[in-house]
Each structure stands twice: as structure tokens, then as C-alpha cells.
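Okay, entry-v2.txt now, which holds compact mmCIF, C-alpha atoms:
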```txt
# COMPACT_ATOMS: atom_id res chain seq x y z
CA MET A 175 29.56 16.96 -25.26
CA LYS A 176 32.85 16.67 -23.35
CA SER A 177 34.16 14.05 -25.77
CA PHE A 178 33.15 16.28 -28.71
CA ASN A 179 34.99 19.26 -27.19
CA ALA A 180 38.05 17.08 -26.61
CA LEU A 181 37.91 15.85 -30.22
CA LEU A 182 37.55 19.40 -31.51
CA ARG A 183 40.45 20.53 -29.35
CA ASP A 184 42.71 17.78 -30.67
CA PHE A 185 41.63 18.52 -34.23
CA CYS A 186 42.20 22.26 -34.43
CA HIS A 187 43.14 23.91 -31.12
CA ILE A 188 46.22 26.16 -31.17
CA PRO A 189 47.45 27.87 -27.95
CA LEU A 190 46.71 31.60 -27.94
CA LEU A 191 50.35 32.58 -27.42
CA ASP A 192 51.31 30.62 -30.54
CA LEU A 193 48.78 32.72 -32.45
CA ALA A 194 50.29 36.05 -31.38
CA ASP A 195 52.18 36.46 -34.64
CA ALA A 196 49.08 35.54 -36.63
CA ALA A 197 47.25 38.27 -34.72
CA GLU A 198 49.87 40.79 -35.81
CA THR A 199 49.43 39.66 -39.42
CA ASN A 200 45.65 40.06 -39.05
CA ARG A 201 46.09 43.53 -37.55
CA TYR A 202 48.41 44.64 -40.34
CA ARG A 203 46.23 43.26 -43.15
CA ASN A 204 43.14 44.79 -41.60
CA SER A 205 44.84 48.20 -41.43
CA ILE A 206 45.60 47.95 -45.18
CA TRP A 207 42.06 46.80 -45.95
CA SER A 208 40.48 49.52 -43.79
CA PHE A 209 42.63 52.20 -45.39
CA TYR A 210 41.59 50.98 -48.84
CA CYS A 211 37.90 51.11 -47.83
CA VAL A 212 38.21 54.61 -46.36
CA ALA A 213 39.96 55.92 -49.48
CA SER A 214 37.46 54.21 -51.82
CA LEU A 215 34.43 55.51 -49.95
CA ILE A 216 35.74 59.08 -50.00
CA VAL A 217 35.83 58.78 -53.81
CA LEU A 218 32.35 57.17 -53.95
CA PHE A 219 30.51 59.76 -51.84
CA PRO A 220 30.33 62.40 -54.61
CA ALA A 221 29.23 59.75 -57.12
CA VAL A 222 26.34 58.68 -54.85
CA LEU A 223 25.24 62.28 -54.38
CA PHE A 224 25.32 62.87 -58.13
CA ILE A 225 23.51 59.66 -59.14
CA PHE A 226 20.66 60.15 -56.64
CA ARG A 227 20.44 63.94 -56.86
CA ASN A 228 16.82 63.70 -58.05
CA ASP A 229 15.68 60.89 -55.73
CA PHE A 230 16.16 62.01 -52.14
CA ALA A 231 14.70 58.89 -50.47
CA ALA A 232 16.84 56.41 -52.43
CA GLY A 233 19.85 58.66 -52.11
CA LEU A 234 19.44 58.81 -48.34
CA VAL A 235 19.35 55.00 -48.06
CA HIS A 236 22.48 54.55 -50.20
CA PHE A 237 24.28 57.45 -48.58
CA GLY A 238 23.50 55.93 -45.18
CA TYR A 239 25.03 52.63 -46.25
CA PHE A 240 28.21 54.23 -47.55
CA GLY A 241 28.35 56.61 -44.58
CA ILE A 242 28.17 53.80 -42.01
CA SER A 243 30.74 51.80 -44.00
CA PHE A 244 33.07 54.81 -43.97
CA VAL A 245 32.74 55.29 -40.19
CA VAL A 246 33.26 51.56 -39.51
CA SER A 247 36.33 51.43 -41.77
CA LEU A 248 37.82 54.57 -40.21
CA ILE A 249 37.30 53.29 -36.66
CA SER A 250 38.78 49.93 -37.65
CA LEU A 251 41.83 51.65 -39.13
CA ILE A 252 42.40 53.74 -36.00
CA ILE A 253 42.02 50.72 -33.71
CA SER A 254 44.41 48.65 -35.86
CA ILE A 255 47.09 51.33 -35.61
CA THR A 256 46.51 51.81 -31.87
CA LEU A 257 46.83 48.10 -31.05
CA LYS A 258 50.21 47.66 -32.77
CA ASN A 259 52.15 47.17 -29.54
CA ALA A 260 49.63 45.06 -27.61
CA ARG A 261 51.21 42.47 -25.29
CA ARG A 262 51.82 39.09 -26.92
CA GLU A 263 49.98 37.22 -24.17
CA LYS A 264 46.74 38.95 -25.18
CA ALA A 265 47.56 39.71 -28.82
CA TRP A 266 45.20 37.13 -30.34
CA LEU A 267 42.26 38.44 -28.33
CA ILE A 268 43.02 42.15 -28.68
CA LYS A 269 44.49 42.61 -32.17
CA ASN A 270 41.57 40.81 -33.81
CA ILE A 271 39.03 43.27 -32.39
CA PRO A 272 39.06 45.54 -35.49
CA VAL A 273 38.94 42.51 -37.81
CA TYR A 274 35.71 41.21 -36.31
CA PHE A 275 34.38 44.73 -35.90
CA VAL A 276 34.56 45.08 -39.68
CA TYR A 277 33.19 41.56 -40.27
CA THR A 278 30.21 42.30 -38.02
CA TRP A 279 29.40 45.26 -40.24
CA GLY A 280 29.98 43.03 -43.27
CA MET A 281 27.17 40.75 -42.10
CA ALA A 282 24.94 43.67 -41.08
CA SER A 283 25.59 45.50 -44.35
CA SER A 284 24.52 42.40 -46.29
CA ALA A 285 21.09 42.63 -44.68
CA TYR A 286 21.11 46.42 -45.19
CA VAL A 287 21.71 46.04 -48.93
CA PHE A 288 19.31 43.09 -49.21
CA TYR A 289 16.32 44.64 -47.47
CA LEU A 290 16.72 48.43 -47.31
CA THR A 291 18.17 49.13 -50.76
CA ASP A 292 15.98 46.40 -52.30
CA HIS A 293 18.93 44.70 -54.03
CA PRO A 294 18.70 41.06 -52.86
CA PHE A 295 21.34 39.75 -55.28
CA ASN A 296 23.82 42.41 -54.13
CA GLY A 297 23.03 41.56 -50.52
CA VAL A 298 23.87 37.88 -51.05
CA LEU A 299 26.99 38.83 -53.03
CA ASN A 300 28.04 41.15 -50.18
CA PHE A 301 27.56 38.31 -47.66
CA PHE A 302 29.70 35.80 -49.56
CA THR A 303 32.35 38.38 -50.48
CA ALA A 304 32.84 39.38 -46.83
CA THR A 305 32.92 35.73 -45.70
CA VAL A 306 35.39 34.59 -48.38
CA ILE A 307 37.70 37.56 -47.64
CA MET A 308 37.68 36.62 -43.97
CA LEU A 309 38.37 32.97 -44.79
CA THR A 310 41.21 33.58 -47.25
CA VAL A 311 42.95 36.73 -45.95
CA PHE A 312 42.84 36.31 -42.18
CA GLN A 313 43.58 33.59 -39.64
CA LEU A 314 40.31 33.04 -37.85
CA ALA A 315 38.93 32.84 -34.35
CA LEU A 316 36.62 29.93 -35.09
CA THR A 317 33.87 30.66 -32.57
CA ALA A 318 33.54 34.33 -33.55
CA PHE A 319 33.69 33.62 -37.29
CA SER A 320 31.17 30.77 -37.11
CA ALA A 321 28.72 32.71 -34.94
CA MET A 322 28.83 35.83 -37.14
CA THR A 323 28.53 33.84 -40.37
CA LEU A 324 25.55 31.83 -39.10
CA CYS A 325 23.84 35.00 -37.81
CA GLY A 326 24.31 36.63 -41.22
CA MET A 327 22.96 33.52 -42.95
CA LEU A 328 19.86 33.39 -40.73
CA ALA A 329 19.21 37.11 -41.25
CA LEU A 330 19.23 36.74 -45.04
CA LEU A 331 17.56 33.31 -45.33
CA PRO A 332 13.89 34.48 -45.23
CA GLY A 333 14.63 37.12 -47.87
CA VAL A 334 16.53 34.65 -50.05
CA TYR A 335 13.60 32.22 -49.91
CA LYS A 336 11.12 34.97 -50.76
CA ALA A 337 13.17 36.54 -53.56
CA PHE A 338 14.74 33.48 -55.21
CA GLY A 339 12.70 30.48 -54.13
CA PHE A 340 13.27 27.26 -52.18
CA SER A 341 16.12 25.77 -54.23
CA CYS A 342 18.20 28.94 -53.99
CA ALA A 343 17.58 29.09 -50.24
CA VAL A 344 18.88 25.51 -49.91
CA PHE A 345 22.01 26.35 -51.89
CA PHE A 346 22.49 29.51 -49.83
CA VAL A 347 22.43 27.49 -46.59
CA PHE A 348 24.66 24.77 -48.07
CA PHE A 349 27.41 27.16 -49.18
CA SER A 350 27.22 29.16 -45.95
CA LEU A 351 27.73 26.02 -43.87
CA LEU A 352 30.47 24.91 -46.27
CA LEU A 353 32.42 28.11 -45.56
CA VAL A 354 32.08 27.50 -41.82
CA PHE A 355 33.32 23.92 -42.30
CA LEU A 356 36.27 25.17 -44.37
CA SER A 357 37.26 27.51 -41.55
CA PHE A 358 37.70 24.46 -39.27
CA TYR A 359 39.62 22.62 -41.99
CA LYS A 360 41.85 25.65 -42.47
CA ARG A 361 42.56 25.75 -38.74
CA ARG A 362 43.49 22.05 -38.86
CA ILE A 363 46.08 22.79 -41.56
CA GLU A 364 47.39 25.70 -39.49
CA LYS A 365 47.67 23.47 -36.43
CA LEU A 366 49.82 20.98 -38.35
CA TYR A 367 51.98 23.85 -39.63
CA PHE A 368 52.44 25.20 -36.10
CA SER A 369 53.58 21.74 -35.02
CA LEU A 370 56.34 21.93 -37.62
CA LEU A 371 57.34 25.37 -36.34
CA MET A 372 57.58 24.01 -32.80
CA SER A 373 60.08 21.41 -33.98
CA GLN A 374 62.06 24.22 -35.64
CA LYS A 375 62.09 26.11 -32.31
CA LYS A 376 64.21 23.31 -30.84
CA LEU A 377 66.88 23.99 -33.47
CA LEU A 378 66.81 27.80 -33.82
CA GLU A 379 68.22 29.88 -30.96
CA ALA A 380 68.86 33.59 -30.44
CA ARG A 381 71.36 34.44 -27.69
CA THR A 382 71.14 38.03 -26.52
CA PHE A 383 72.97 38.06 -23.17
CA GLY A 384 76.44 39.34 -24.03
CA ASN A 385 76.85 39.64 -27.80
CA PHE A 386 73.95 38.73 -30.06
CA THR A 387 74.27 35.37 -31.82
CA LEU A 388 71.77 33.49 -33.97
CA LEU A 389 72.28 29.72 -34.08
CA TYR A 390 70.65 26.90 -36.01
CA GLU A 391 71.43 23.32 -35.05
CA SER A 392 74.05 24.75 -32.64
CA LYS A 393 75.91 26.48 -35.52
CA VAL A 394 76.13 30.24 -36.00
CA VAL A 395 73.89 31.45 -38.81
CA LYS A 396 76.13 33.32 -41.24
CA PHE A 397 74.90 36.08 -43.53
CA SER A 398 76.65 37.63 -46.51
CA ARG A 399 76.36 41.12 -45.04
CA THR A 400 77.49 42.19 -41.57
CA LYS A 401 74.44 44.35 -40.90
CA SER A 402 72.08 41.47 -41.70
CA THR A 403 72.85 40.08 -38.23
CA GLU A 404 72.13 43.48 -36.70
CA LEU A 405 68.82 43.64 -38.56
CA ILE A 406 67.74 40.31 -37.05
CA ALA A 407 69.06 41.37 -33.62
CA TYR A 408 66.94 44.52 -33.62
CA LEU A 409 63.81 42.64 -34.66
CA VAL A 410 64.44 40.05 -31.92
CA TYR A 411 64.68 43.00 -29.51
CA LYS A 412 61.30 44.23 -30.80
CA ASN A 413 59.79 40.95 -29.56
CA GLY A 414 57.39 40.39 -32.42
CA SER A 415 56.39 44.02 -32.98
CA SER A 416 56.76 45.36 -36.52
CA ALA A 417 59.40 47.85 -37.60
CA ASN A 418 58.97 49.85 -40.80
CA THR A 419 61.63 50.84 -43.32
CA LYS A 420 62.24 54.29 -41.86
CA GLU A 421 62.76 52.90 -38.36
CA LEU A 422 65.20 50.23 -39.53
CA ILE A 423 67.23 52.69 -41.61
CA SER A 424 67.49 54.97 -38.58
CA VAL A 425 68.64 52.12 -36.33
CA LEU A 426 71.07 50.53 -38.77
CA TYR A 427 72.54 53.63 -40.44
CA GLY A 428 71.92 56.51 -38.03
CA ASP A 429 69.10 58.91 -37.15
CA PHE A 430 69.90 61.23 -40.06
CA ALA A 431 70.39 58.54 -42.69
CA ASP A 432 68.75 59.41 -45.99
CA SER A 433 65.87 57.03 -46.70
CA GLU A 434 66.31 57.12 -50.46
CA ARG A 435 70.04 56.50 -50.31
CA TYR A 436 69.91 53.70 -47.73
CA GLY A 437 66.62 52.17 -48.88
CA SER A 438 68.43 50.02 -51.44
CA SER A 439 70.94 48.95 -48.77
CA LEU A 440 68.12 47.82 -46.52
CA ARG A 441 66.51 45.90 -49.37
CA SER A 442 69.82 44.12 -49.91
CA LEU A 443 69.93 43.18 -46.22
CA VAL A 444 66.37 41.87 -46.34
CA SER A 445 67.17 39.82 -49.43
CA ASP A 446 70.32 38.45 -47.78
CA VAL A 447 68.43 37.42 -44.63
CA LYS A 448 65.60 35.77 -46.56
CA HIS A 449 68.03 33.90 -48.82
CA SER A 450 70.27 32.73 -45.96
CA LEU A 451 67.36 31.51 -43.81
CA ALA A 452 65.70 29.78 -46.76
CA ASN A 453 68.91 27.89 -47.52
CA LEU A 454 68.82 26.51 -43.97
CA GLY A 455 65.12 25.63 -44.21
CA ILE A 456 64.10 28.12 -41.50
CA GLN A 457 60.44 29.07 -41.94
CA ASN A 458 58.17 31.82 -40.60
CA PHE A 459 60.91 33.36 -38.45
CA PHE A 460 61.71 36.49 -40.46
CA ILE A 461 58.46 38.01 -41.74
CA VAL A 462 58.21 40.72 -44.39
CA GLU A 463 54.89 42.41 -45.15
CA TYR A 464 55.42 45.27 -47.58
CA ASN A 465 56.89 48.09 -45.45
CA ASN A 466 56.83 46.11 -42.19
CA PHE A 467 59.39 43.65 -40.84
CA ARG A 468 59.38 41.46 -37.75
CA VAL A 469 60.43 38.10 -36.33
CA ASN A 470 58.07 35.51 -34.92
CA PRO A 471 59.12 34.84 -31.29
CA GLU A 472 57.20 31.56 -31.26
CA THR A 473 59.67 29.99 -33.73
CA VAL A 474 62.91 30.60 -31.82
CA ARG A 475 64.40 29.89 -28.39
CA CYS A 476 65.69 33.08 -26.84
CA ASP A 477 67.12 33.95 -23.42
CA TYR A 478 65.63 37.45 -23.71
CA TYR A 479 62.13 36.07 -24.24
CA ASP A 480 62.60 33.58 -21.41
CA PHE A 481 63.67 36.45 -19.14
CA LEU A 482 60.57 38.47 -20.04
CA SER A 483 58.34 35.48 -19.30
CA GLY A 484 59.84 35.23 -15.79
CA ASP A 485 61.97 32.13 -16.32
CA ALA A 486 64.21 31.84 -13.23
CA ALA A 487 67.15 30.27 -15.09
CA ALA A 488 67.17 33.06 -17.69
CA ILE A 489 67.00 35.75 -15.01
CA LYS A 490 69.92 34.13 -13.22
CA ARG A 491 71.99 33.98 -16.45
CA PHE A 492 71.61 37.69 -17.11
CA ALA A 493 74.79 39.47 -16.02
CA GLY A 494 74.03 43.01 -17.17
CA GLU A 495 75.07 42.61 -20.81
CA PHE A 496 72.51 42.59 -23.60
CA MET A 497 73.44 42.58 -27.30
CA SER A 498 76.62 44.35 -26.27
CA GLN A 499 77.90 45.03 -29.80
CA TYR A 500 74.98 47.37 -30.57
CA SER A 501 74.61 50.85 -29.06
CA TRP A 502 70.82 50.91 -29.59
CA ALA A 503 70.53 47.93 -27.17
CA GLU A 504 71.75 49.97 -24.17
CA ALA A 505 68.19 50.95 -23.26
CA GLY A 506 67.20 47.29 -23.34
CA ALA A 507 70.11 46.35 -21.07
CA ALA A 508 69.09 49.02 -18.57
CA PHE A 509 65.49 47.79 -18.64
CA LEU A 510 66.53 44.18 -18.04
CA GLU A 511 68.86 45.22 -15.21
CA GLN A 512 66.10 47.11 -13.43
CA LYS A 513 63.69 44.21 -13.93
CA ALA A 514 66.29 41.75 -12.60
CA LEU A 515 66.80 43.87 -9.48
CA LYS A 516 63.06 43.93 -8.81
CA LEU A 517 62.72 40.18 -9.34
CA ASN A 518 65.70 39.38 -7.10
CA ALA A 519 64.70 41.83 -4.38
```
Mind turning the file's structure into C-alpha cells?
Amino acid sequence: MKSFNALLRDFCHIPLLDLADAAETNRYRNSIWSFYCVASLIVLFPAVLFIFRNDFAAGLVHFGYFGISFVVSLISLIISITLKNARREKAWLIKNIPVYFVYTWGMASSAYVFYLTDHPFNGVLNFFTATVIMLTVFQLALTAFSAMTLCGMLALLPGVYKAFGFSCAVFFVFFSLLLVFLSFYKRRIEKLYFSLLMSQKKLLEARTFGNFTLLYESKVVKFSRTKSTELIAYLVYKNGSSANTKELISVLYGDFADSERYGSSLRSLVSDVKHSLANLGIQNFFIVEYNNFRVNPETVRCDYYDFLSGDAAAIKRFAGEFMSQYSWAEAGAAFLEQKALKLNA
């Protein structure tokens, strides 16, 4: 068993801190998915009431299914929003809570549809839809995903055998196990990709003590627009947390900047940053997800991040100046100064 665990660890294990950015991506995608479900179910409620207006028993079963789905989606949405600023050290464990909360209901709802609404085909379809969405949209916690998928499979298997026969039950088990296997294969690919990012981290550096400077292979990264550097500086300051368009416009152009007027300017900055980094071959550092922007701290060396992690050399290098060319960084400088005093006391 120990040799198997060691083999599995070598094959697909990724340190939890390296997965912090993936956890933020999961949290963001889950918030979008949960919002879509909440909005869709609000529209469907009247339709269910109308269709089953003359069949109270059937209507109650279907309304219960949609009602529970609505509550689960709403809770998941609220949790996703609440966990936005969770600490990176625990991000993978905490930010995935709403994702697996929804997936648990996905497995339970498959059995609900299969047995209680007497729609076995829809129950199986619900099971595979939920599993494929998890596999393709999210980065997975293998133990949780495997356990939930196998529990869902075992819950439906007797019904599948009874409703569709032996051969269909065999295929059902085969494809369920195949999805679990693919989750491990997917993690293997992700592990290899993370290894490439670690090699990039040796070349990409963000210096924040004094003036902010971004370097790649010991050369300053140059952008076409002056504020592109400030955009990256602010996201480095955010330490992996997302910033939306409104927040960035306020920081870069002033608290009273008009969103419509400066929205195109921000889009130009984003395009400039993406183009400049791509030309250098820098990957997965600057991340854009619709209205959210962030950097991935696991892909860059940074004195600020070293300081926050308690690195003695970084604490010693800090001399009271932090991204000195930007007024919004004054609060960060004060925070670091207080932290340095406590650590040196």
C-alpha cells in the first residue's frame, strides 16, 4: 500500500499551495455556474406549477426537486462570493467547498430524478452531465471527486440494472470508472504543466521594495503603455485575489473615473499586458476571466510574497518603501512596516 501511495504521489500529486490559483478559478467558475442555476430555476418555477396544476402529487415531487436545487445553488453562490479573499495557504481546501457542495447535490439529484420522479433515463443523464461538467470545467480534488462519483454510481446501479438490464448496467459502471480514471489522467497533465510553471518562476521576478519592477530573465519587462506596469503592480499587491473592472478603473484613473469612458482604456491595457507577456513566453501569470483580473503568485518570485511568508532575508531587505511610485501602495507600505516591527521585536 505504501509503494502504491508513493507511486500515486509521484504520478499526480501537486502541493496545495501551488493549487491556490486553481482554487480561485474554481471559485469564480462556480459562482458563475451557481448564478446561472439560480436564474434558470426562478424562470422554471412558474412553468412547473403550470404544467402540474392538475396533478398535485407529481407537481410536489418535481417542485421539491427544483426547490432543493434552487436552495443549493443559492447557498453555493453566497459561499463562493464570501470565500473570495480566503488565505492562499488554505485556498484549495476552502474555496472548493461550494464546488463539491453542488456536486454532492448533483449526485443526490440523480437518484432523486431516477427513483422519485420515475425518470430513470433522466437520472442517468443527470449523473453523467454533472460528472462531465466537474471533469471539464473544474480542477479536481481527486479523493473527493472519486468518492462522490463512486457513491453516485452505486446509488444508481440497482435501478439501472432493473430498468435497462445487465448490459446497460455494465456500460454504466464502465463509463463511470472511466471518468474517475480520466480525472487522474487530467491531474497528471496538470502536474506536468505546473512543473513548467515552476521553471518559469526562476526567470520571472517582481520587485516591490522601492519602486515596482517586473523582470524576466533579469531584464525589465517593457509594455507599450505606462499604466500597464501599474496594472500588474496592483494585481501583484492583491496577492492572487481578483480585481474587477470597476476596482481597477478606480485605482488606475481615480475614484470618480467614469467606467464607460475609461473601460476602453482598461481593455487596451489588458490587451497590451497579454500581448507583451505572450511575446516573452510567460504563461499563466496574468489571468483574465471575464470581468475579473489577477496574477498567479505561484509563477513569479517576489520579495513581497517572501516577506508575507516570513522569509528572514526578505524581511531584512525591507527598508520601509513599497511600490513607491504608486500612491495606492501607501497602505501596503504601512502594513509591511508594522509587520516588520512585530517580527523584529
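Residues in contact with stretch 338-342 of chain A at up to 12 Å, not including ones fewer than 6 positions away on its chain and judged by all atoms listed in the file, are Pro294, Phe295, Val298, Leu330, Leu331, Pro332, Phe348 and Phe349 of chain A.
Distances from A:Leu378, A:Ala507, A:Ala231, A:Ile423 to A:Ser392 were compared using all atoms listed in the file, and the smallest one belongs to A:Leu378.
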Quiz item: Skipping near chain neighbours, those fewer than 2 positions away, what residues fall within 6 Å of stretch 212-228 of chain A using only C-alpha atoms, listed as a list in words?
Solution: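 Those residues are Phe209, Tyr210, Gly233, Phe244 and Ser247 of chain A.
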Quiz prompt | For A:Lys412, the nearest of the candidates A:Pro272, A:Gly241, A:Gly297, A:Gly506, counting all atoms listed in the file | solution = A:Gly506
Practice problem: Kindly give the distance, in Å, that separates atom CA of A:Trp279 and atom CA of A:Val462, rounded to a single decimal. | Solution: 29.5 Å
Practice problem: Choose the residue, out of A:Val354, A:Leu388, A:Ala304, A:Ala503, that has the smallest atom-to-atom separation from A:Cys476; count all atoms listed in the file. | Solution: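 Using all atoms listed in the file, A:Cys476 sits closest to A:Leu388.
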Exercise. Could you please determine the separation between atom CA of A:Leu193 and atom CA of A:Leu366 in Å, to one decimal place?
Key: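 For atom CA of A:Leu193 relative to atom CA of A:Leu366, the distance reads 13.2 Å.
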Quiz item: atom CA of A:Val334 and atom CA of A:Leu316 are how many Å apart?
Solution: 25.5 Å
Practice problem: Considering only C-alpha atoms, state which residue in the set A:Asp446, A:Glu511, A:Asp292, A:Glu198 is at the smallest distance from A:Ile268. | Solution: A:Glu198
Self-check item: Protein, DNA and RNA residues within 12 Å of (72.7, 29.6, -30.8), all atoms listed in the file, as JSON, numbers by chain
Solution: {"A": [375, 376, 377, 378, 379, 380, 381, 382, 383, 385, 386, 387, 388, 389, 390, 391, 392, 393, 394, 395, 396, 474, 475, 476, 477]}
Quiz item: Nearest to A:Ala282 among A:Ala493, A:Leu352, A:Met327, A:Ile406, with distances taken over all atoms listed in the file: which residue is it?
Solution: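 Looking only at the distances to A:Ala282, the closest residue turns out to be A:Met327.
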Please supply stretch 429-444 of chain A, rebuilt with N, CA, C and O atoms, as a PDB file, in the coordinates of the input.
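Produced file rebuild22.pdb, reproduced below:
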```pdb
ATOM      1  N   ASP A 429      70.357  58.159 -37.186  1.00  0.00           N
ATOM      2  CA  ASP A 429      69.100  58.910 -37.150  1.00  0.00           C
ATOM      3  C   ASP A 429      68.910  59.814 -38.363  1.00  0.00           C
ATOM      4  O   ASP A 429      67.776  60.115 -38.748  1.00  0.00           O
ATOM      5  N   PHE A 430      70.003  60.276 -38.946  1.00  0.00           N
ATOM      6  CA  PHE A 430      69.900  61.230 -40.060  1.00  0.00           C
ATOM      7  C   PHE A 430      70.193  60.582 -41.408  1.00  0.00           C
ATOM      8  O   PHE A 430      70.483  61.270 -42.382  1.00  0.00           O
ATOM      9  N   ALA A 431      70.131  59.251 -41.434  1.00  0.00           N
ATOM     10  CA  ALA A 431      70.390  58.540 -42.690  1.00  0.00           C
ATOM     11  C   ALA A 431      69.296  58.854 -43.701  1.00  0.00           C
ATOM     12  O   ALA A 431      68.108  58.904 -43.368  1.00  0.00           O
ATOM     13  N   ASP A 432      69.682  59.073 -44.924  1.00  0.00           N
ATOM     14  CA  ASP A 432      68.750  59.410 -45.990  1.00  0.00           C
ATOM     15  C   ASP A 432      68.005  58.147 -46.450  1.00  0.00           C
ATOM     16  O   ASP A 432      68.625  57.156 -46.846  1.00  0.00           O
ATOM     17  N   SER A 433      66.685  58.213 -46.386  1.00  0.00           N
ATOM     18  CA  SER A 433      65.870  57.030 -46.700  1.00  0.00           C
ATOM     19  C   SER A 433      66.068  56.569 -48.133  1.00  0.00           C
ATOM     20  O   SER A 433      66.132  55.372 -48.413  1.00  0.00           O
ATOM     21  N   GLU A 434      66.149  57.501 -49.063  1.00  0.00           N
ATOM     22  CA  GLU A 434      66.310  57.120 -50.460  1.00  0.00           C
ATOM     23  C   GLU A 434      67.656  56.458 -50.707  1.00  0.00           C
ATOM     24  O   GLU A 434      67.769  55.477 -51.427  1.00  0.00           O
ATOM     25  N   ARG A 435      68.692  57.023 -50.092  1.00  0.00           N
ATOM     26  CA  ARG A 435      70.040  56.500 -50.310  1.00  0.00           C
ATOM     27  C   ARG A 435      70.209  55.118 -49.681  1.00  0.00           C
ATOM     28  O   ARG A 435      70.816  54.219 -50.278  1.00  0.00           O
ATOM     29  N   TYR A 436      69.694  54.953 -48.452  1.00  0.00           N
ATOM     30  CA  TYR A 436      69.910  53.700 -47.730  1.00  0.00           C
ATOM     31  C   TYR A 436      68.785  52.686 -47.921  1.00  0.00           C
ATOM     32  O   TYR A 436      68.862  51.572 -47.411  1.00  0.00           O
ATOM     33  N   GLY A 437      67.727  53.108 -48.635  1.00  0.00           N
ATOM     34  CA  GLY A 437      66.620  52.170 -48.880  1.00  0.00           C
ATOM     35  C   GLY A 437      67.080  50.950 -49.643  1.00  0.00           C
ATOM     36  O   GLY A 437      66.688  49.815 -49.334  1.00  0.00           O
ATOM     37  N   SER A 438      67.925  51.150 -50.659  1.00  0.00           N
ATOM     38  CA  SER A 438      68.430  50.020 -51.440  1.00  0.00           C
ATOM     39  C   SER A 438      69.335  49.125 -50.595  1.00  0.00           C
ATOM     40  O   SER A 438      69.341  47.896 -50.764  1.00  0.00           O
ATOM     41  N   SER A 439      70.082  49.738 -49.661  1.00  0.00           N
ATOM     42  CA  SER A 439      70.940  48.950 -48.770  1.00  0.00           C
ATOM     43  C   SER A 439      70.097  48.053 -47.868  1.00  0.00           C
ATOM     44  O   SER A 439      70.434  46.886 -47.647  1.00  0.00           O
ATOM     45  N   LEU A 440      69.009  48.610 -47.357  1.00  0.00           N
ATOM     46  CA  LEU A 440      68.120  47.820 -46.520  1.00  0.00           C
ATOM     47  C   LEU A 440      67.487  46.680 -47.312  1.00  0.00           C
ATOM     48  O   LEU A 440      67.371  45.550 -46.815  1.00  0.00           O
ATOM     49  N   ARG A 441      67.091  46.962 -48.532  1.00  0.00           N
ATOM     50  CA  ARG A 441      66.510  45.900 -49.370  1.00  0.00           C
ATOM     51  C   ARG A 441      67.517  44.779 -49.607  1.00  0.00           C
ATOM     52  O   ARG A 441      67.149  43.601 -49.653  1.00  0.00           O
ATOM     53  N   SER A 442      68.778  45.138 -49.734  1.00  0.00           N
ATOM     54  CA  SER A 442      69.820  44.120 -49.910  1.00  0.00           C
ATOM     55  C   SER A 442      69.962  43.272 -48.648  1.00  0.00           C
ATOM     56  O   SER A 442      70.153  42.054 -48.727  1.00  0.00           O
ATOM     57  N   LEU A 443      69.866  43.917 -47.482  1.00  0.00           N
ATOM     58  CA  LEU A 443      69.930  43.180 -46.220  1.00  0.00           C
ATOM     59  C   LEU A 443      68.755  42.209 -46.097  1.00  0.00           C
ATOM     60  O   LEU A 443      68.926  41.050 -45.700  1.00  0.00           O
ATOM     61  N   VAL A 444      67.577  42.705 -46.422  1.00  0.00           N
ATOM     62  CA  VAL A 444      66.370  41.870 -46.340  1.00  0.00           C
ATOM     63  C   VAL A 444      66.502  40.666 -47.267  1.00  0.00           C
ATOM     64  O   VAL A 444      66.197  39.525 -46.892  1.00  0.00           O
TER      65      VAL A 444
END
```
